[in-house]
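Novice: This is the structure I have questions about; it appears just below.
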Amino acid sequence: MTNATFNASLLLLARQYRRASQGEVAAKAGLNQGHYSRIENGLLPDGPSHENVERIAAALQFPSTFFYQTDGLTGLPLSVHPMHRKRAAVGERVLKQIHAELNIRLIHLRRYLRAADLHPELPLPHVDVDEGGGPQEIAHLIRRAWSIPEGPIANLTDYCERAGILIIWCDLEKGIDGVTMRVRDLPPCIFLNRSVPPDRMRASLAHELGHVIMHRIPTENIEDEANAFAAELMVPERQFRRQFIGRAGISLEWLALQKAHWKMSMAFLLYRAGAIDAITRHQSEYAWKKIASMGWRLREPHETDFPYEEPSIFPALLRMHSETLGFDLETIGRLVSCDVGELQQMYRPYLGRGKPGLYVVK
């Protein structure tokens with residue numbers, strides 16, 4: 001790496017990923033904190049010495065090659081789902097760590113995509129909310145553009161992938177269900193928290209899809225707009241109203257049946273019923289109290305779960321490196337400048353141990 005240039009922004013990224021302070025990293029690396037700060041801020045005209053980079057890399061448990069990559073950083077996503085008002089509860093250091101991890105994953109993704117060509121088969125338009133007639137109309141547009149039949153969407157993940165969106169499961173912080181990242185040189189990426197139940201994951205994916213289609217700059221309304229898009233996309237009002245014909249009220253048993261039909265949570269469906277005035281305020285309040293008394297606000301009964309919609313494109317991309325190209329984990333680690341243990345943690349269970357091979361650029 002003697003001819004490579006040290007990338008100070010990646011040092012900041014690595015430190016935030018480890019949730020460490022400058023002082024902690026400097027102490028582990030045996031450096032003066034002031035000197036370390038100048039390294040991280042790119043204030044050394046000739047860059048840090050190779051010896052100091054090695055010491056910092058060891059302190060942060062990153063390969064030293066990571067810091068000589070040319071990748072730039074992408075800013076915080078438009079939103080960290082759920083809503084903005086809940087982000088404060090997550091904590092600034094945690095948000096920085098999430099931001100760092102997503103950037104590291106994007107760096108890896110660039111390397112993985114060198115060996116693949118992705119050709120979307122469905123359109124993925126960008127539609128301004130006002131120009132498109134509002135989130136509900138845009139949801140109708142997407143259903144038409146993707147030829148989605150009436151009724152429940154069988155597999156939203158499949159539709160998104162066919163439109164060129166990469167769906168990636170990862171371990172996000174508790175309370176954050178999904179994050180959208182849009183970068184000029186990469187396909188749109190939606191990162192979903194693998195630990196949430198399937199009903200919440202589907203709702204989060206629909207919400208994040210709303211961001212991909214409708215939003216380019218943050219506004220105070222983007223979360224409400226994404227929620228409205230998701231509601232109409234997954235449970236169209238006109239079709240949902242048919243379920244109430246001849247009904248005097250609703251019960252938890254009826255909500256459970258609707259959950260099995262629409263593949264959305266009972267809470268989502270109850271909220272939807274109240275939002276379109278399909279039930280009275282009294283009926284809504286009574287049902288919410290029943291759900292709360294059963295302890296279902298945080299987790300609905302496992303008996304009502306349906307299977308996860310597992311992504312296929314990104315796992316196939318990983319398996320192509322380990323199985324088709326025959327890379328072992330050490331080779332993949334060198335490709336993306338990542339420790340083998342970190343790779344296993346980040347990309348379980350899709351990376352196997354193939355035979356060492358050459359990196360083939362398609």
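Identifiers for the structure tokens are assigned positionally: chains receive A, B, ... in sequence, residues are indexed from 1 per chain, and ligands are indexed from 1 in the order shown.
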Run DSSP on the backbone and give me the residues of region 48-268 of chain A it puts in alpha helix (DSSP H), as an MDAnalysis selection string.
Specialist: chainID A and resid 50:60 87:90 92:113 135:145 156:162 198:214 222:234 237:241 252:262 266:268
Novice: Excluding Glu232 (chain A) and its own-chain neighbours fewer than 5 positions away, which residues fall within 9 Å of it when counting only C-alpha atoms? Please give them as a PyMOL selection string.
Specialist: chain A and resi 135-137+139-140+227+237
Novice: Considering only strand (DSSP E) as DSSP defines it on the backbone, what residues of region 151-354 of chain A qualify? List them as an NGL selection string.
Specialist: :A and (166-170 or 178-181 or 189-193)
Novice: Give the answer as one residue: which of A:Ile148, A:Gly246, A:Pro77, A:Ile276 has the shortest atom-to-atom distance to Gly178 (chain A), using only C-alpha atoms?
Specialist: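 With only C-alpha atoms as the atom set, the closest residue is A:Pro77.
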Novice: Name all residues at most 10 Å from Ile190 (chain A) (count only C-alpha atoms; drop same-chain ones fewer than 4 positions away) and give them as an NGL selection string.
Specialist: :A and (160 or 165-169 or 178-182 or 204-205 or 208-209 or 211-212)
Novice: Which value, in Å to one decimal, gives the distance between CA of Arg238 (chain A) and CA of Val129 (chain A)?
Specialist: 20.8 Å
Novice: Each residue of region 162-258 of chain A with at least one atom at most 8 Å from region 93-110 of chain A should appear once, together with its nearest atom pair and the corresponding distance in Å (one decimal); atoms considered: only C-alpha atoms; ordering: chain, then increasing residue number; output as JSON lines.
Specialist:
```
{"residue": "A:Leu172", "atom": "CA", "partner": "A:Ile98", "partner_atom": "CA", "distance": 7.3}
{"residue": "A:Glu173", "atom": "CA", "partner": "A:Val94", "partner_atom": "CA", "distance": 7.7}
{"residue": "A:Leu186", "atom": "CA", "partner": "A:Arg110", "partner_atom": "CA", "distance": 7.3}
```
Novice: Keeping only N, CA, C and O atoms, write the selected residues to a file as an mmCIF file, in the first residue's frame.
Specialist:
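Saved result, part_36.cif, follows:
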```cif
data_model
loop_
_atom_site.group_PDB
_atom_site.id
_atom_site.type_symbol
_atom_site.label_atom_id
_atom_site.label_comp_id
_atom_site.auth_asym_id
_atom_site.auth_seq_id
_atom_site.Cartn_x
_atom_site.Cartn_y
_atom_site.Cartn_z
ATOM 1 N N LEU A 172 -29.938 -4.605 12.998
ATOM 2 C CA LEU A 172 -30.077 -3.205 13.366
ATOM 3 C C LEU A 172 -30.397 -3.087 14.849
ATOM 4 O O LEU A 172 -30.834 -4.040 15.494
ATOM 5 N N GLU A 173 -30.178 -1.904 15.369
ATOM 6 C CA GLU A 173 -30.455 -1.645 16.786
ATOM 7 C C GLU A 173 -31.941 -1.864 17.082
ATOM 8 O O GLU A 173 -32.812 -1.606 16.241
ATOM 9 N N LEU A 186 -24.889 2.846 -6.904
ATOM 10 C CA LEU A 186 -25.382 1.555 -6.447
ATOM 11 C C LEU A 186 -26.901 1.482 -6.608
ATOM 12 O O LEU A 186 -27.576 2.526 -6.641
#
```
Novice: Could you list, as an MDAnalysis selection string, every residue within 12 Å of region 35-45 of chain A, counting only C-alpha atoms and ignoring same-chain residues fewer than 3 positions away?
Specialist: chainID A and resid 5:16 21:32 48:49 52:53 55:56 67
Novice: CA of Tyr308 (chain A) and CA of Ser293 (chain A), how far apart in Å?
Specialist: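 Distance between the two atoms: 26.8 Å.
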Novice: Env of Leu335 (chain A): 12 Å cut, atoms = only C-alpha atoms, seq-sep filter 4 positions within chain, self excluded. Answer as a list of chain:residue names.
Specialist: A:Pro63, A:Thr65, A:Phe66, A:Gln69, A:Ile107, A:His108, A:Leu109, A:Arg110, A:Arg111, A:Tyr112, A:Leu113, A:Arg114, A:Ala115, A:His321, A:Phe327, A:Asp328, A:Leu329, A:Glu330, A:Thr331, A:Asp339, A:Val340, A:Leu343, A:Gly357, A:Leu358, A:Tyr359, A:Val360
Novice: Okay, now the selection with N, CA and C atoms, as a short mmCIF file (atom, residue, chain, number, x, y, z; two decimals), in the first residue's frame?
Specialist:
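See selection.cif below for the written result:
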```
data_model
loop_
_atom_site.label_atom_id
_atom_site.label_comp_id
_atom_site.auth_asym_id
_atom_site.auth_seq_id
_atom_site.Cartn_x
_atom_site.Cartn_y
_atom_site.Cartn_z
N PRO A 63 -8.55 -4.47 9.10
CA PRO A 63 -7.33 -4.60 8.29
C PRO A 63 -6.82 -3.22 7.91
N THR A 65 -5.58 -2.29 5.25
CA THR A 65 -5.95 -1.98 3.87
C THR A 65 -7.28 -1.23 3.79
N PHE A 66 -8.13 -1.40 4.81
CA PHE A 66 -9.43 -0.72 4.81
C PHE A 66 -9.25 0.78 4.68
N GLN A 69 -8.71 2.60 1.00
CA GLN A 69 -9.70 2.54 -0.06
C GLN A 69 -10.14 3.96 -0.44
N ILE A 107 -19.62 -0.14 0.94
CA ILE A 107 -18.27 -0.35 0.40
C ILE A 107 -18.12 -1.81 -0.03
N HIS A 108 -18.57 -2.74 0.81
CA HIS A 108 -18.52 -4.15 0.46
C HIS A 108 -19.35 -4.43 -0.79
N LEU A 109 -20.54 -3.83 -0.84
CA LEU A 109 -21.45 -4.09 -1.96
C LEU A 109 -20.82 -3.69 -3.29
N ARG A 110 -20.10 -2.59 -3.30
CA ARG A 110 -19.42 -2.18 -4.54
C ARG A 110 -18.47 -3.27 -5.03
N ARG A 111 -17.77 -3.90 -4.12
CA ARG A 111 -16.84 -4.95 -4.49
C ARG A 111 -17.59 -6.19 -4.98
N TYR A 112 -18.67 -6.55 -4.28
CA TYR A 112 -19.44 -7.72 -4.67
C TYR A 112 -20.04 -7.55 -6.08
N LEU A 113 -20.51 -6.33 -6.37
CA LEU A 113 -21.20 -6.10 -7.63
C LEU A 113 -20.27 -6.08 -8.84
N ARG A 114 -18.97 -6.04 -8.62
CA ARG A 114 -18.04 -6.09 -9.75
C ARG A 114 -18.17 -7.40 -10.53
N ALA A 115 -18.66 -8.41 -9.88
CA ALA A 115 -18.75 -9.73 -10.50
C ALA A 115 -20.16 -10.05 -10.98
N HIS A 321 -19.90 -15.61 -4.88
CA HIS A 321 -18.48 -15.46 -4.55
C HIS A 321 -17.94 -16.70 -3.85
N PHE A 327 -14.43 -18.59 -3.83
CA PHE A 327 -13.62 -17.83 -2.86
C PHE A 327 -13.80 -18.42 -1.46
N ASP A 328 -12.72 -18.56 -0.73
CA ASP A 328 -12.86 -18.85 0.69
C ASP A 328 -13.03 -17.52 1.44
N LEU A 329 -13.29 -17.60 2.73
CA LEU A 329 -13.58 -16.38 3.50
C LEU A 329 -12.37 -15.45 3.53
N GLU A 330 -11.18 -16.01 3.57
CA GLU A 330 -9.99 -15.15 3.60
C GLU A 330 -9.87 -14.33 2.31
N THR A 331 -10.18 -14.95 1.18
CA THR A 331 -10.12 -14.24 -0.10
C THR A 331 -11.18 -13.15 -0.16
N ASP A 339 -12.21 -8.23 8.19
CA ASP A 339 -11.80 -9.39 8.97
C ASP A 339 -12.78 -10.55 8.76
N VAL A 340 -12.27 -11.77 8.72
CA VAL A 340 -13.10 -12.94 8.46
C VAL A 340 -14.21 -13.08 9.50
N LEU A 343 -16.92 -10.71 8.69
CA LEU A 343 -17.69 -11.17 7.54
C LEU A 343 -18.74 -12.19 7.96
N GLY A 357 -9.72 -18.86 -5.19
CA GLY A 357 -9.78 -18.70 -6.63
C GLY A 357 -9.46 -17.29 -7.04
N LEU A 358 -9.45 -17.04 -8.34
CA LEU A 358 -9.19 -15.70 -8.86
C LEU A 358 -10.47 -14.89 -8.82
N TYR A 359 -10.29 -13.57 -8.68
CA TYR A 359 -11.45 -12.68 -8.71
C TYR A 359 -11.80 -12.37 -10.15
N VAL A 360 -13.00 -12.73 -10.56
CA VAL A 360 -13.42 -12.57 -11.94
C VAL A 360 -14.34 -11.38 -12.05
#
```
Novice: For the atom pair CA of Cys338 (chain A) and CA of Gln61 (chain A), what is the interatomic distance in Å to one decimal place?
Specialist: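 These two atoms are separated by 9.4 Å.
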Novice: Find the spatial neighbours of Met264 (chain A), counting only C-alpha atoms, within a cut-off of 10 Å - ignore same-chain residues fewer than 4 positions away - and output them as a PyMOL selection string.
Specialist: chain A and resi 152+198-203+231+234-235+256+258-260+268-269+305-306
Novice: Using all heavy atoms, can you write the selected residues to a file as a tab-separated table (two decimals), in the first residue's frame?
Specialist:
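Saved result, out36.tsv, follows:
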```tsv
chain	number	residue	atom	x	y	z
A	152	PRO	N	-54.32	-9.05	-1.38
A	152	PRO	CA	-53.02	-9.03	-0.69
A	152	PRO	C	-51.87	-9.21	-1.67
A	152	PRO	O	-52.00	-9.89	-2.69
A	152	PRO	CB	-53.12	-10.22	0.27
A	152	PRO	CG	-54.57	-10.53	0.38
A	152	PRO	CD	-55.18	-10.14	-0.91
A	198	PRO	N	-42.22	-11.27	11.11
A	198	PRO	CA	-42.47	-11.09	9.68
A	198	PRO	C	-43.50	-10.01	9.36
A	198	PRO	O	-43.41	-9.36	8.32
A	198	PRO	CB	-42.93	-12.47	9.21
A	198	PRO	CG	-43.28	-13.22	10.45
A	198	PRO	CD	-42.44	-12.66	11.53
A	199	ASP	N	-44.50	-9.82	10.24
A	199	ASP	CA	-45.51	-8.79	9.94
A	199	ASP	C	-44.89	-7.39	10.01
A	199	ASP	O	-45.15	-6.54	9.15
A	199	ASP	CB	-46.73	-8.92	10.86
A	199	ASP	CG	-46.38	-8.98	12.34
A	199	ASP	OD1	-45.20	-8.75	12.70
A	199	ASP	OD2	-47.29	-9.25	13.15
A	200	ARG	N	-44.05	-7.16	11.00
A	200	ARG	CA	-43.38	-5.86	11.10
A	200	ARG	C	-42.39	-5.65	9.96
A	200	ARG	O	-42.22	-4.54	9.46
A	200	ARG	CB	-42.66	-5.73	12.44
A	200	ARG	CG	-43.57	-5.26	13.57
A	200	ARG	CD	-42.86	-5.22	14.90
A	200	ARG	NE	-41.69	-4.37	14.92
A	200	ARG	CZ	-40.89	-4.25	15.98
A	200	ARG	NH1	-41.17	-4.93	17.08
A	200	ARG	NH2	-39.85	-3.45	15.95
A	201	MET	N	-41.73	-6.73	9.55
A	201	MET	CA	-40.76	-6.60	8.46
A	201	MET	C	-41.46	-6.21	7.16
A	201	MET	O	-40.97	-5.38	6.40
A	201	MET	CB	-39.98	-7.90	8.28
A	201	MET	CG	-38.83	-7.77	7.29
A	201	MET	SD	-37.85	-9.28	7.09
A	201	MET	CE	-36.83	-9.20	8.58
A	202	ARG	N	-42.61	-6.81	6.88
A	202	ARG	CA	-43.35	-6.45	5.67
A	202	ARG	C	-43.81	-5.00	5.71
A	202	ARG	O	-43.74	-4.29	4.71
A	202	ARG	CB	-44.56	-7.39	5.50
A	202	ARG	CG	-44.41	-8.35	4.33
A	202	ARG	CD	-45.50	-9.37	4.32
A	202	ARG	NE	-46.79	-8.91	3.84
A	202	ARG	CZ	-47.22	-9.08	2.59
A	202	ARG	NH1	-46.45	-9.64	1.68
A	202	ARG	NH2	-48.43	-8.68	2.24
A	203	ALA	N	-44.29	-4.56	6.87
A	203	ALA	CA	-44.72	-3.17	7.00
A	203	ALA	C	-43.54	-2.22	6.81
A	203	ALA	O	-43.67	-1.17	6.16
A	203	ALA	CB	-45.38	-2.94	8.36
A	231	ALA	N	-49.76	1.85	3.70
A	231	ALA	CA	-51.11	1.40	4.04
A	231	ALA	C	-51.93	1.11	2.79
A	231	ALA	O	-52.58	0.07	2.68
A	231	ALA	CB	-51.80	2.45	4.90
A	234	MET	N	-50.39	-1.99	0.69
A	234	MET	CA	-50.55	-3.32	1.26
A	234	MET	C	-52.01	-3.68	1.52
A	234	MET	O	-52.40	-4.85	1.40
A	234	MET	CB	-49.75	-3.44	2.55
A	234	MET	CG	-48.26	-3.13	2.40
A	234	MET	SD	-47.47	-4.06	1.09
A	234	MET	CE	-47.48	-5.71	1.79
A	235	VAL	N	-52.81	-2.69	1.90
A	235	VAL	CA	-54.23	-2.94	2.22
A	235	VAL	C	-55.06	-1.83	1.57
A	235	VAL	O	-55.45	-0.86	2.22
A	235	VAL	CB	-54.46	-2.97	3.75
A	235	VAL	CG1	-55.90	-3.40	4.07
A	235	VAL	CG2	-53.47	-3.89	4.44
A	256	ALA	N	-57.34	-11.61	13.51
A	256	ALA	CA	-56.37	-12.67	13.25
A	256	ALA	C	-56.60	-13.29	11.87
A	256	ALA	O	-55.65	-13.60	11.14
A	256	ALA	CB	-56.44	-13.73	14.33
A	258	GLN	N	-57.97	-11.71	9.33
A	258	GLN	CA	-57.56	-10.70	8.36
A	258	GLN	C	-56.04	-10.65	8.24
A	258	GLN	O	-55.49	-10.43	7.16
A	258	GLN	CB	-58.10	-9.33	8.77
A	258	GLN	CG	-59.61	-9.19	8.67
A	258	GLN	CD	-60.09	-9.34	7.24
A	258	GLN	OE1	-59.58	-8.70	6.33
A	258	GLN	NE2	-61.07	-10.23	7.03
A	259	LYS	N	-55.35	-10.88	9.36
A	259	LYS	CA	-53.89	-10.91	9.32
A	259	LYS	C	-53.41	-12.05	8.42
A	259	LYS	O	-52.48	-11.88	7.61
A	259	LYS	CB	-53.32	-11.08	10.73
A	259	LYS	CG	-51.80	-11.24	10.77
A	259	LYS	CD	-51.28	-11.30	12.19
A	259	LYS	CE	-49.77	-11.44	12.23
A	259	LYS	NZ	-49.23	-11.39	13.62
A	260	ALA	N	-54.03	-13.21	8.54
A	260	ALA	CA	-53.65	-14.34	7.70
A	260	ALA	C	-53.93	-14.05	6.23
A	260	ALA	O	-53.20	-14.51	5.34
A	260	ALA	CB	-54.41	-15.59	8.15
A	268	PHE	N	-51.67	-3.19	12.53
A	268	PHE	CA	-51.70	-2.45	11.27
A	268	PHE	C	-53.12	-2.40	10.71
A	268	PHE	O	-53.61	-1.35	10.28
A	268	PHE	CB	-50.76	-3.14	10.27
A	268	PHE	CG	-50.57	-2.41	8.97
A	268	PHE	CD1	-49.42	-1.67	8.73
A	268	PHE	CD2	-51.52	-2.49	7.95
A	268	PHE	CE1	-49.24	-1.00	7.53
A	268	PHE	CE2	-51.35	-1.84	6.75
A	268	PHE	CZ	-50.20	-1.08	6.53
A	269	LEU	N	-53.80	-3.55	10.73
A	269	LEU	CA	-55.14	-3.63	10.17
A	269	LEU	C	-56.16	-2.87	11.01
A	269	LEU	O	-57.08	-2.24	10.46
A	269	LEU	CB	-55.55	-5.10	10.04
A	269	LEU	CG	-54.70	-5.90	9.04
A	269	LEU	CD1	-54.95	-7.40	9.21
A	269	LEU	CD2	-55.00	-5.46	7.62
A	305	ASP	N	-48.24	-15.80	13.23
A	305	ASP	CA	-47.14	-15.47	12.32
A	305	ASP	C	-47.30	-16.19	10.98
A	305	ASP	O	-47.84	-17.30	10.91
A	305	ASP	CB	-45.79	-15.85	12.93
A	305	ASP	CG	-45.33	-14.90	14.02
A	305	ASP	OD1	-45.94	-13.81	14.14
A	305	ASP	OD2	-44.38	-15.23	14.75
A	306	PHE	N	-46.78	-15.58	9.95
A	306	PHE	CA	-46.69	-16.22	8.63
A	306	PHE	C	-45.22	-16.27	8.26
A	306	PHE	O	-44.38	-15.62	8.89
A	306	PHE	CB	-47.51	-15.44	7.60
A	306	PHE	CG	-47.34	-13.95	7.67
A	306	PHE	CD1	-46.25	-13.31	7.10
A	306	PHE	CD2	-48.29	-13.16	8.32
A	306	PHE	CE1	-46.08	-11.95	7.18
A	306	PHE	CE2	-48.13	-11.77	8.40
A	306	PHE	CZ	-47.03	-11.17	7.82
```
Novice: Excluding Asp277 (chain A) and its own-chain neighbours fewer than 4 positions away, which residues fall within 12 Å of it when counting only C-alpha atoms? Please give them as a PDB file with all heavy atoms, in the first residue's frame.
Specialist:
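Result file is selection.pdb:
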```
ATOM      1  N   GLU A 237     -57.747   0.627   0.347  1.00  0.00           N
ATOM      2  CA  GLU A 237     -58.986   0.981   1.056  1.00  0.00           C
ATOM      3  C   GLU A 237     -60.204   0.335   0.425  1.00  0.00           C
ATOM      4  O   GLU A 237     -61.045  -0.266   1.128  1.00  0.00           O
ATOM      5  CB  GLU A 237     -59.154   2.499   1.083  1.00  0.00           C
ATOM      6  CG  GLU A 237     -60.441   2.940   1.748  1.00  0.00           C
ATOM      7  CD  GLU A 237     -60.599   4.454   1.808  1.00  0.00           C
ATOM      8  OE1 GLU A 237     -59.630   5.169   1.519  1.00  0.00           O
ATOM      9  OE2 GLU A 237     -61.718   4.905   2.146  1.00  0.00           O
ATOM     10  N   PHE A 240     -60.287  -3.334   1.144  1.00  0.00           N
ATOM     11  CA  PHE A 240     -60.406  -3.623   2.574  1.00  0.00           C
ATOM     12  C   PHE A 240     -61.825  -3.394   3.057  1.00  0.00           C
ATOM     13  O   PHE A 240     -62.337  -4.133   3.915  1.00  0.00           O
ATOM     14  CB  PHE A 240     -59.420  -2.756   3.356  1.00  0.00           C
ATOM     15  CG  PHE A 240     -59.230  -3.161   4.798  1.00  0.00           C
ATOM     16  CD1 PHE A 240     -59.242  -4.491   5.192  1.00  0.00           C
ATOM     17  CD2 PHE A 240     -59.032  -2.189   5.781  1.00  0.00           C
ATOM     18  CE1 PHE A 240     -59.048  -4.854   6.526  1.00  0.00           C
ATOM     19  CE2 PHE A 240     -58.840  -2.531   7.107  1.00  0.00           C
ATOM     20  CZ  PHE A 240     -58.860  -3.867   7.480  1.00  0.00           C
ATOM     21  N   ARG A 241     -62.509  -2.379   2.508  1.00  0.00           N
ATOM     22  CA  ARG A 241     -63.878  -2.076   2.937  1.00  0.00           C
ATOM     23  C   ARG A 241     -64.817  -3.258   2.692  1.00  0.00           C
ATOM     24  O   ARG A 241     -65.810  -3.427   3.417  1.00  0.00           O
ATOM     25  CB  ARG A 241     -64.393  -0.834   2.211  1.00  0.00           C
ATOM     26  CG  ARG A 241     -63.841   0.473   2.765  1.00  0.00           C
ATOM     27  CD  ARG A 241     -64.527   1.681   2.143  1.00  0.00           C
ATOM     28  NE  ARG A 241     -64.045   2.916   2.724  1.00  0.00           N
ATOM     29  CZ  ARG A 241     -64.447   3.424   3.879  1.00  0.00           C
ATOM     30  NH1 ARG A 241     -65.389   2.779   4.584  1.00  0.00           N
ATOM     31  NH2 ARG A 241     -63.965   4.559   4.334  1.00  0.00           N
ATOM     32  N   PHE A 244     -65.801  -5.550   5.554  1.00  0.00           N
ATOM     33  CA  PHE A 244     -66.683  -5.072   6.623  1.00  0.00           C
ATOM     34  C   PHE A 244     -68.154  -5.172   6.239  1.00  0.00           C
ATOM     35  O   PHE A 244     -69.019  -4.844   7.055  1.00  0.00           O
ATOM     36  CB  PHE A 244     -66.340  -3.625   6.975  1.00  0.00           C
ATOM     37  CG  PHE A 244     -64.974  -3.459   7.583  1.00  0.00           C
ATOM     38  CD1 PHE A 244     -63.876  -3.250   6.769  1.00  0.00           C
ATOM     39  CD2 PHE A 244     -64.794  -3.542   8.957  1.00  0.00           C
ATOM     40  CE1 PHE A 244     -62.612  -3.109   7.313  1.00  0.00           C
ATOM     41  CE2 PHE A 244     -63.527  -3.404   9.506  1.00  0.00           C
ATOM     42  CZ  PHE A 244     -62.433  -3.196   8.681  1.00  0.00           C
ATOM     43  N   LEU A 270     -55.984  -2.911  12.332  1.00  0.00           N
ATOM     44  CA  LEU A 270     -56.889  -2.161  13.193  1.00  0.00           C
ATOM     45  C   LEU A 270     -56.711  -0.660  12.977  1.00  0.00           C
ATOM     46  O   LEU A 270     -57.686   0.092  12.879  1.00  0.00           O
ATOM     47  CB  LEU A 270     -56.639  -2.518  14.659  1.00  0.00           C
ATOM     48  CG  LEU A 270     -57.472  -1.769  15.703  1.00  0.00           C
ATOM     49  CD1 LEU A 270     -58.963  -1.904  15.430  1.00  0.00           C
ATOM     50  CD2 LEU A 270     -57.126  -2.255  17.109  1.00  0.00           C
ATOM     51  N   TYR A 271     -55.456  -0.233  12.896  1.00  0.00           N
ATOM     52  CA  TYR A 271     -55.196   1.179  12.619  1.00  0.00           C
ATOM     53  C   TYR A 271     -55.786   1.562  11.254  1.00  0.00           C
ATOM     54  O   TYR A 271     -56.397   2.627  11.107  1.00  0.00           O
ATOM     55  CB  TYR A 271     -53.698   1.452  12.631  1.00  0.00           C
ATOM     56  CG  TYR A 271     -53.345   2.883  12.298  1.00  0.00           C
ATOM     57  CD1 TYR A 271     -53.389   3.879  13.272  1.00  0.00           C
ATOM     58  CD2 TYR A 271     -52.992   3.247  11.005  1.00  0.00           C
ATOM     59  CE1 TYR A 271     -53.089   5.199  12.970  1.00  0.00           C
ATOM     60  CE2 TYR A 271     -52.695   4.560  10.682  1.00  0.00           C
ATOM     61  CZ  TYR A 271     -52.743   5.538  11.668  1.00  0.00           C
ATOM     62  OH  TYR A 271     -52.452   6.839  11.354  1.00  0.00           O
ATOM     63  N   ARG A 272     -55.614   0.694  10.275  1.00  0.00           N
ATOM     64  CA  ARG A 272     -56.132   0.962   8.923  1.00  0.00           C
ATOM     65  C   ARG A 272     -57.650   1.077   8.946  1.00  0.00           C
ATOM     66  O   ARG A 272     -58.229   1.969   8.315  1.00  0.00           O
ATOM     67  CB  ARG A 272     -55.702  -0.183   8.002  1.00  0.00           C
ATOM     68  CG  ARG A 272     -56.092   0.011   6.536  1.00  0.00           C
ATOM     69  CD  ARG A 272     -55.181   1.003   5.881  1.00  0.00           C
ATOM     70  NE  ARG A 272     -55.388   1.065   4.445  1.00  0.00           N
ATOM     71  CZ  ARG A 272     -55.576   2.197   3.775  1.00  0.00           C
ATOM     72  NH1 ARG A 272     -55.604   3.357   4.405  1.00  0.00           N
ATOM     73  NH2 ARG A 272     -55.730   2.182   2.469  1.00  0.00           N
ATOM     74  N   ALA A 273     -58.319   0.198   9.678  1.00  0.00           N
ATOM     75  CA  ALA A 273     -59.779   0.232   9.764  1.00  0.00           C
ATOM     76  C   ALA A 273     -60.273   1.547  10.366  1.00  0.00           C
ATOM     77  O   ALA A 273     -61.248   2.139   9.896  1.00  0.00           O
ATOM     78  CB  ALA A 273     -60.278  -0.951  10.589  1.00  0.00           C
ATOM     79  N   ARG A 281     -65.195   4.998  16.392  1.00  0.00           N
ATOM     80  CA  ARG A 281     -64.152   5.314  17.357  1.00  0.00           C
ATOM     81  C   ARG A 281     -64.261   4.415  18.582  1.00  0.00           C
ATOM     82  O   ARG A 281     -63.250   3.941  19.115  1.00  0.00           O
ATOM     83  CB  ARG A 281     -64.245   6.784  17.766  1.00  0.00           C
ATOM     84  CG  ARG A 281     -63.185   7.210  18.765  1.00  0.00           C
ATOM     85  CD  ARG A 281     -63.297   8.687  19.067  1.00  0.00           C
ATOM     86  NE  ARG A 281     -62.335   9.090  20.081  1.00  0.00           N
ATOM     87  CZ  ARG A 281     -62.222  10.334  20.550  1.00  0.00           C
ATOM     88  NH1 ARG A 281     -63.016  11.284  20.081  1.00  0.00           N
ATOM     89  NH2 ARG A 281     -61.335  10.614  21.474  1.00  0.00           N
ATOM     90  N   HIS A 282     -65.479   4.148  19.014  1.00  0.00           N
ATOM     91  CA  HIS A 282     -65.695   3.280  20.182  1.00  0.00           C
ATOM     92  C   HIS A 282     -65.195   1.867  19.894  1.00  0.00           C
ATOM     93  O   HIS A 282     -64.522   1.254  20.746  1.00  0.00           O
ATOM     94  CB  HIS A 282     -67.181   3.238  20.540  1.00  0.00           C
ATOM     95  CG  HIS A 282     -67.511   2.276  21.649  1.00  0.00           C
ATOM     96  ND1 HIS A 282     -67.212   2.522  22.970  1.00  0.00           N
ATOM     97  CD2 HIS A 282     -68.096   1.033  21.608  1.00  0.00           C
ATOM     98  CE1 HIS A 282     -67.590   1.491  23.702  1.00  0.00           C
ATOM     99  NE2 HIS A 282     -68.140   0.584  22.901  1.00  0.00           N
ATOM    100  N   GLN A 283     -65.496   1.339  18.716  1.00  0.00           N
ATOM    101  CA  GLN A 283     -65.034   0.006  18.348  1.00  0.00           C
ATOM    102  C   GLN A 283     -63.504  -0.053  18.297  1.00  0.00           C
ATOM    103  O   GLN A 283     -62.885  -1.018  18.748  1.00  0.00           O
ATOM    104  CB  GLN A 283     -65.618  -0.399  16.993  1.00  0.00           C
ATOM    105  CG  GLN A 283     -67.112  -0.682  17.030  1.00  0.00           C
ATOM    106  CD  GLN A 283     -67.686  -0.859  15.637  1.00  0.00           C
ATOM    107  OE1 GLN A 283     -67.191  -0.287  14.665  1.00  0.00           O
ATOM    108  NE2 GLN A 283     -68.744  -1.661  15.538  1.00  0.00           N
ATOM    109  N   SER A 284     -62.910   0.989  17.761  1.00  0.00           N
ATOM    110  CA  SER A 284     -61.446   1.047  17.667  1.00  0.00           C
ATOM    111  C   SER A 284     -60.816   1.061  19.053  1.00  0.00           C
ATOM    112  O   SER A 284     -59.882   0.291  19.332  1.00  0.00           O
ATOM    113  CB  SER A 284     -61.020   2.289  16.880  1.00  0.00           C
ATOM    114  OG  SER A 284     -59.623   2.425  16.866  1.00  0.00           O
TER     115      SER A 284
END
```
Novice: Taking into account only C-alpha atoms, which residue in the set A:Asp185, A:Met346, A:Leu252, A:Phe191 is nearest to Met294 (chain A)?
Specialist: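 Once distances to Met294 (chain A) are computed over only C-alpha atoms, the minimum belongs to A:Leu252.
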